[in-house]
Amino acid sequence: MATGKRARRQVLSRLVLPSGLTLRTRLALVYTGVFLLGGAVLLVVNYGLVATSLEHRSLDLTATIEGAAADTAPPAGEEAGPFTPVEPAEPAGAARPSEAMPVAETVLLDVVADYRSAVLSDMVLNSVLVLAGVTALAALAGWLIAGRPMRRLHRVTETARTLSERDLHSRLALTGPDDEFRELGDTFDGMLARLEGAFESQRRFVANASHELRTPLAVQRAALEVPLAQDRVPDDLRPAFTRVLDSVGRSEDLITGLLLLARSDRGLTRTETVDLAETAREAAGLQEEAAGAAGVELHVDTEPAEVAGDPVLLAHLVRNLVDNAVRYNAPGGWVRVRVRTAAGRTVLKVTNTGPEVGSADVLFEPFHRGDAARLHAERSGSGLGLSVVRSIASAHGATATARPRPGGGLVATVGFPGG
């Protein structure tokens with residue numbers, strides 16, 4: 001029942017106010033409609049009052065005219081005296097005063113009726129013109145009046161539209177009267193404060209946990225590497241030691257990725273000019289040995305390109321892309337690292353051969369390492385590489401995308417604004 005009433009109200013509102021109008025326009029139309037309706041009612045009431053008044057005045061004037069005509073007519077049967085003017089003979093068939101109303105009285109009554117009709121017509125015409133003009137002024141006034149509170153609502157909308165997890169410290173702090181808009185702004189500020197606290201607590205937890213886990217992992221690595229280096233591990237236990245050492249290395253990579261995520265999610269505290277081409281060449285140089293061992297050719301093609309950002313984070317971004325391209329490749333494959341500046345943007349593109357990739361977007365999700373071919377690779381990673389890339393790119397106002405390469409492999413692209 002309530003649903004039916006709600007649906008009828010929605011249909012009625014669509015009939016009264018067309019869809020697609022802004023709230024300010026709707027309010028102005030409502031103000032104008034209410035004013036026009038009130039003016040029309042006032043016009044009808046005023047017309048009825050004036051018409052009634054003129055009717056009563058016409059009856060009084062008619063009675064006065066008839067009384068005056070009766071007083072001036074000679075009494076019945078009285079003959080004209082010597083001093084009584086003798087009226088000219090009337091034509092045959094003419095109405096006598098005793099039989100019909102005098103011509104002057106008829107003319108006066110017609111004048112009164114015409115006057116009454118003219119007064120009502122003029123009143124209606126002038127009232128309609130005045131009502132139209134005042135309604136136009138009311139529409140303008142309604143538009144201006146509705147705009148004042150709408151500015152405060154637009155401020156809430158703009159803040160919500162531009163808000164992200166990196167600027168939760170922003171507050172509306174609406175001023176003005178203590179009304180519903182002020183209450184909405186205060187509620188929105190309270191929500192931002194709670195979100196900021198939750199995000200900050202999460203980031204602190206990730207950073208603190210990652211820092212605390214680094215120490216025991218370093219101890220474990222030392223405890224494993226020292227006996228292996230000194231050849232004090234029995235041959236039957238060496239494979240187990242190697243597997244544990246490899247597991248420690250993966251755990252360290254995971255913690256490093258978590259730290260980078262926590263740091264990039266907090267945004268940039270300072271920026272400086274970074275030569276992205278030089279950063280790409282250094283990252284490729286660090287992967288030359290791994291690429292040679294995997295039988296992968298590594299090509300670097302760069303042009304001078306400077307971007308504003310954090311040099312450490314940008315180095316990790318390029319390094320993760322190149323490492324991902326070398327790690328998930330195939331013997332005899334290749335990796336191309338390219339840096340270009342065009343149309344005001346600096347673009348870093350890393351293309352690699354390798355197994356077929358079903359969906360590239362899911363690779364940017366944390367701990368998602370793709371399909372079985374990537375999961376069973378010889379150097380399967382932690383699943384944070386491309387997640388870190390997208391987080392660092394977002395912190396720099398850049399966009400990170402990836403698409404499957406025809407024939408297998410991946411094409412990863414990072415576009416920086418204002419190269």
# chains A, B, ... in the order shown; residues from 1 in each chain; ligands from 1
$ residues_around --residues "stretch 278-290 of chain A" --least-positions-apart "3" --cutoff "8 Å" --atoms "only C-alpha atoms" --output "list of chain:residue names"
A:Val274, A:Asp275, A:Ala293, A:Ala294, A:Leu298, A:Val300, A:Thr302, A:Pro304, A:Leu314, A:Ala315, A:Val318, A:Arg319, A:Val322, A:Asp323, A:Val326, A:Val337, A:Val339
$ select_by_dssp --residues "stretch 255-390 of chain A" --states "alpha helix (DSSP H)" --output "ChimeraX atom specification"
/A:255-265,276-286,288-294,311-327,372-375,385-390
$ residues_around --residues "A:Thr157" --least-positions-apart "3" --cutoff "12 Å" --atoms "only C-alpha atoms" --output "VMD selection string"
chain A and resid 150 to 154 160 to 163 172 181 184 to 185 188
$ select_by_dssp --residues "stretch 177-370 of chain A" --states "strand (DSSP E)" --output "ChimeraX atom specification"
/A:272-275,297-302,306-309,334-342,345-352
$ write_last_selection --atoms "C-alpha atoms" --output "CSV table (one decimal), in the first residue's frame"
chain,number,residue,atom,x,y,z
A,272,GLU,CA,61.3,16.9,-6.7
A,273,THR,CA,62.2,16.7,-10.4
A,274,VAL,CA,63.0,13.1,-11.4
A,275,ASP,CA,64.5,12.0,-14.7
A,297,GLU,CA,66.4,-10.1,-24.0
A,298,LEU,CA,66.1,-6.7,-22.3
A,299,HIS,CA,65.8,-3.6,-24.5
A,300,VAL,CA,65.6,0.0,-23.2
A,301,ASP,CA,64.5,2.9,-25.4
A,302,THR,CA,64.2,6.2,-23.6
A,306,GLU,CA,61.3,14.7,-16.2
A,307,VAL,CA,58.4,14.3,-13.8
A,308,ALA,CA,57.7,15.7,-10.4
A,309,GLY,CA,57.5,13.1,-7.7
A,334,TRP,CA,62.1,-10.2,-24.7
A,335,VAL,CA,61.2,-7.1,-22.6
A,336,ARG,CA,61.0,-3.6,-24.0
A,337,VAL,CA,61.2,-0.5,-21.7
A,338,ARG,CA,60.2,2.7,-23.4
A,339,VAL,CA,59.9,6.3,-22.1
A,340,ARG,CA,58.4,9.0,-24.3
A,341,THR,CA,57.0,12.5,-23.8
A,342,ALA,CA,54.1,13.6,-26.1
A,345,ARG,CA,52.3,13.7,-20.9
A,346,THR,CA,55.2,11.5,-20.0
A,347,VAL,CA,54.5,7.8,-20.8
A,348,LEU,CA,56.4,4.8,-19.5
A,349,LYS,CA,55.6,1.6,-21.3
A,350,VAL,CA,56.9,-1.9,-20.5
A,351,THR,CA,56.1,-4.6,-23.0
A,352,ASN,CA,57.0,-8.3,-22.6
$ closest_residue --among "A:Thr175, A:Ser117, A:Thr22, A:Ser359" --to "A:Gly147" --atoms "only C-alpha atoms"
A:Thr22
$ closest_residue --among "A:Val411, A:Leu195, A:Ala395, A:Ala400" --to "A:Arg270" --atoms "only C-alpha atoms"
A:Ala395
$ residues_around --residues "stretch 251-254 of chain A" --least-positions-apart "2" --cutoff "10 Å" --atoms "only C-alpha atoms" --output "ChimeraX atom specification"
/A:210,213-214,217-218,221,245-249,256-260,367,381-385
$ write_last_selection --atoms "N, CA, C and O atoms" --output "PDB file, in the first residue's frame"
ATOM      1  N   SER A 210      54.627  -4.433   9.386  1.00  0.00           N
ATOM      2  CA  SER A 210      55.696  -4.736   8.436  1.00  0.00           C
ATOM      3  C   SER A 210      57.066  -4.474   9.047  1.00  0.00           C
ATOM      4  O   SER A 210      57.999  -5.277   8.877  1.00  0.00           O
ATOM      5  N   LEU A 213      57.932  -7.204  11.575  1.00  0.00           N
ATOM      6  CA  LEU A 213      58.224  -8.513  10.999  1.00  0.00           C
ATOM      7  C   LEU A 213      59.589  -8.560  10.313  1.00  0.00           C
ATOM      8  O   LEU A 213      60.119  -9.652  10.066  1.00  0.00           O
ATOM      9  N   ARG A 214      60.145  -7.424  10.010  1.00  0.00           N
ATOM     10  CA  ARG A 214      61.429  -7.421   9.311  1.00  0.00           C
ATOM     11  C   ARG A 214      62.556  -7.979  10.186  1.00  0.00           C
ATOM     12  O   ARG A 214      63.444  -8.682   9.685  1.00  0.00           O
ATOM     13  N   LEU A 217      62.625 -11.850  10.450  1.00  0.00           N
ATOM     14  CA  LEU A 217      62.972 -12.406   9.145  1.00  0.00           C
ATOM     15  C   LEU A 217      64.463 -12.224   8.864  1.00  0.00           C
ATOM     16  O   LEU A 217      65.112 -13.121   8.284  1.00  0.00           O
ATOM     17  N   ALA A 218      65.015 -11.089   9.261  1.00  0.00           N
ATOM     18  CA  ALA A 218      66.454 -10.883   9.083  1.00  0.00           C
ATOM     19  C   ALA A 218      67.245 -11.895   9.919  1.00  0.00           C
ATOM     20  O   ALA A 218      68.276 -12.433   9.475  1.00  0.00           O
ATOM     21  N   ARG A 221      67.038 -15.268   8.148  1.00  0.00           N
ATOM     22  CA  ARG A 221      67.892 -15.309   6.968  1.00  0.00           C
ATOM     23  C   ARG A 221      69.355 -15.521   7.386  1.00  0.00           C
ATOM     24  O   ARG A 221      70.079 -16.334   6.767  1.00  0.00           O
ATOM     25  N   LEU A 245      65.005 -20.700   3.075  1.00  0.00           N
ATOM     26  CA  LEU A 245      65.621 -19.419   2.732  1.00  0.00           C
ATOM     27  C   LEU A 245      64.832 -18.721   1.622  1.00  0.00           C
ATOM     28  O   LEU A 245      64.655 -17.498   1.656  1.00  0.00           O
ATOM     29  N   ASP A 246      64.342 -19.502   0.651  1.00  0.00           N
ATOM     30  CA  ASP A 246      63.530 -18.916  -0.409  1.00  0.00           C
ATOM     31  C   ASP A 246      62.215 -18.375   0.149  1.00  0.00           C
ATOM     32  O   ASP A 246      61.737 -17.312  -0.271  1.00  0.00           O
ATOM     33  N   SER A 247      61.644 -19.094   1.095  1.00  0.00           N
ATOM     34  CA  SER A 247      60.404 -18.623   1.731  1.00  0.00           C
ATOM     35  C   SER A 247      60.634 -17.333   2.506  1.00  0.00           C
ATOM     36  O   SER A 247      59.796 -16.422   2.486  1.00  0.00           O
ATOM     37  N   VAL A 248      61.786 -17.231   3.170  1.00  0.00           N
ATOM     38  CA  VAL A 248      62.114 -15.992   3.886  1.00  0.00           C
ATOM     39  C   VAL A 248      62.242 -14.835   2.904  1.00  0.00           C
ATOM     40  O   VAL A 248      61.780 -13.715   3.157  1.00  0.00           O
ATOM     41  N   GLY A 249      62.884 -15.116   1.754  1.00  0.00           N
ATOM     42  CA  GLY A 249      63.011 -14.060   0.745  1.00  0.00           C
ATOM     43  C   GLY A 249      61.650 -13.569   0.249  1.00  0.00           C
ATOM     44  O   GLY A 249      61.434 -12.373   0.061  1.00  0.00           O
ATOM     45  N   THR A 256      58.147  -5.757   2.083  1.00  0.00           N
ATOM     46  CA  THR A 256      58.566  -4.553   1.357  1.00  0.00           C
ATOM     47  C   THR A 256      57.409  -3.983   0.543  1.00  0.00           C
ATOM     48  O   THR A 256      57.190  -2.765   0.500  1.00  0.00           O
ATOM     49  N   GLY A 257      56.639  -4.868  -0.101  1.00  0.00           N
ATOM     50  CA  GLY A 257      55.480  -4.406  -0.858  1.00  0.00           C
ATOM     51  C   GLY A 257      54.431  -3.750   0.026  1.00  0.00           C
ATOM     52  O   GLY A 257      53.845  -2.724  -0.331  1.00  0.00           O
ATOM     53  N   LEU A 258      54.186  -4.324   1.201  1.00  0.00           N
ATOM     54  CA  LEU A 258      53.216  -3.731   2.132  1.00  0.00           C
ATOM     55  C   LEU A 258      53.679  -2.356   2.610  1.00  0.00           C
ATOM     56  O   LEU A 258      52.878  -1.426   2.743  1.00  0.00           O
ATOM     57  N   LEU A 259      54.968  -2.234   2.867  1.00  0.00           N
ATOM     58  CA  LEU A 259      55.484  -0.930   3.285  1.00  0.00           C
ATOM     59  C   LEU A 259      55.329   0.106   2.183  1.00  0.00           C
ATOM     60  O   LEU A 259      54.961   1.258   2.423  1.00  0.00           O
ATOM     61  N   LEU A 260      55.601  -0.315   0.946  1.00  0.00           N
ATOM     62  CA  LEU A 260      55.447   0.618  -0.167  1.00  0.00           C
ATOM     63  C   LEU A 260      53.984   1.016  -0.356  1.00  0.00           C
ATOM     64  O   LEU A 260      53.663   2.177  -0.633  1.00  0.00           O
ATOM     65  N   PHE A 367      47.646  -9.121  -3.991  1.00  0.00           N
ATOM     66  CA  PHE A 367      47.798 -10.562  -3.797  1.00  0.00           C
ATOM     67  C   PHE A 367      47.171 -11.380  -4.923  1.00  0.00           C
ATOM     68  O   PHE A 367      46.936 -12.570  -4.786  1.00  0.00           O
ATOM     69  N   GLY A 381      55.841 -14.351  -7.760  1.00  0.00           N
ATOM     70  CA  GLY A 381      55.983 -13.267  -6.789  1.00  0.00           C
ATOM     71  C   GLY A 381      54.917 -13.303  -5.709  1.00  0.00           C
ATOM     72  O   GLY A 381      54.169 -14.270  -5.557  1.00  0.00           O
ATOM     73  N   SER A 382      54.842 -12.187  -4.968  1.00  0.00           N
ATOM     74  CA  SER A 382      53.906 -12.094  -3.846  1.00  0.00           C
ATOM     75  C   SER A 382      52.528 -11.587  -4.263  1.00  0.00           C
ATOM     76  O   SER A 382      51.591 -11.649  -3.487  1.00  0.00           O
ATOM     77  N   GLY A 383      52.402 -11.071  -5.474  1.00  0.00           N
ATOM     78  CA  GLY A 383      51.121 -10.546  -5.922  1.00  0.00           C
ATOM     79  C   GLY A 383      50.908  -9.090  -5.583  1.00  0.00           C
ATOM     80  O   GLY A 383      49.790  -8.590  -5.711  1.00  0.00           O
ATOM     81  N   LEU A 384      51.958  -8.387  -5.159  1.00  0.00           N
ATOM     82  CA  LEU A 384      51.843  -6.977  -4.810  1.00  0.00           C
ATOM     83  C   LEU A 384      52.535  -6.054  -5.801  1.00  0.00           C
ATOM     84  O   LEU A 384      52.431  -4.832  -5.675  1.00  0.00           O
ATOM     85  N   GLY A 385      53.254  -6.622  -6.782  1.00  0.00           N
ATOM     86  CA  GLY A 385      54.047  -5.789  -7.685  1.00  0.00           C
ATOM     87  C   GLY A 385      53.227  -4.749  -8.412  1.00  0.00           C
ATOM     88  O   GLY A 385      53.485  -3.539  -8.304  1.00  0.00           O
TER      89      GLY A 385
END
$ residues_around --residues "stretch 33-43 of chain A" --least-positions-apart "6" --cutoff "9 Å" --atoms "only C-alpha atoms" --output "list in words"
Val124, Ser127, Val128, Leu131, Ala132, Val134, Thr135, Ala138 and Ala139 of chain A
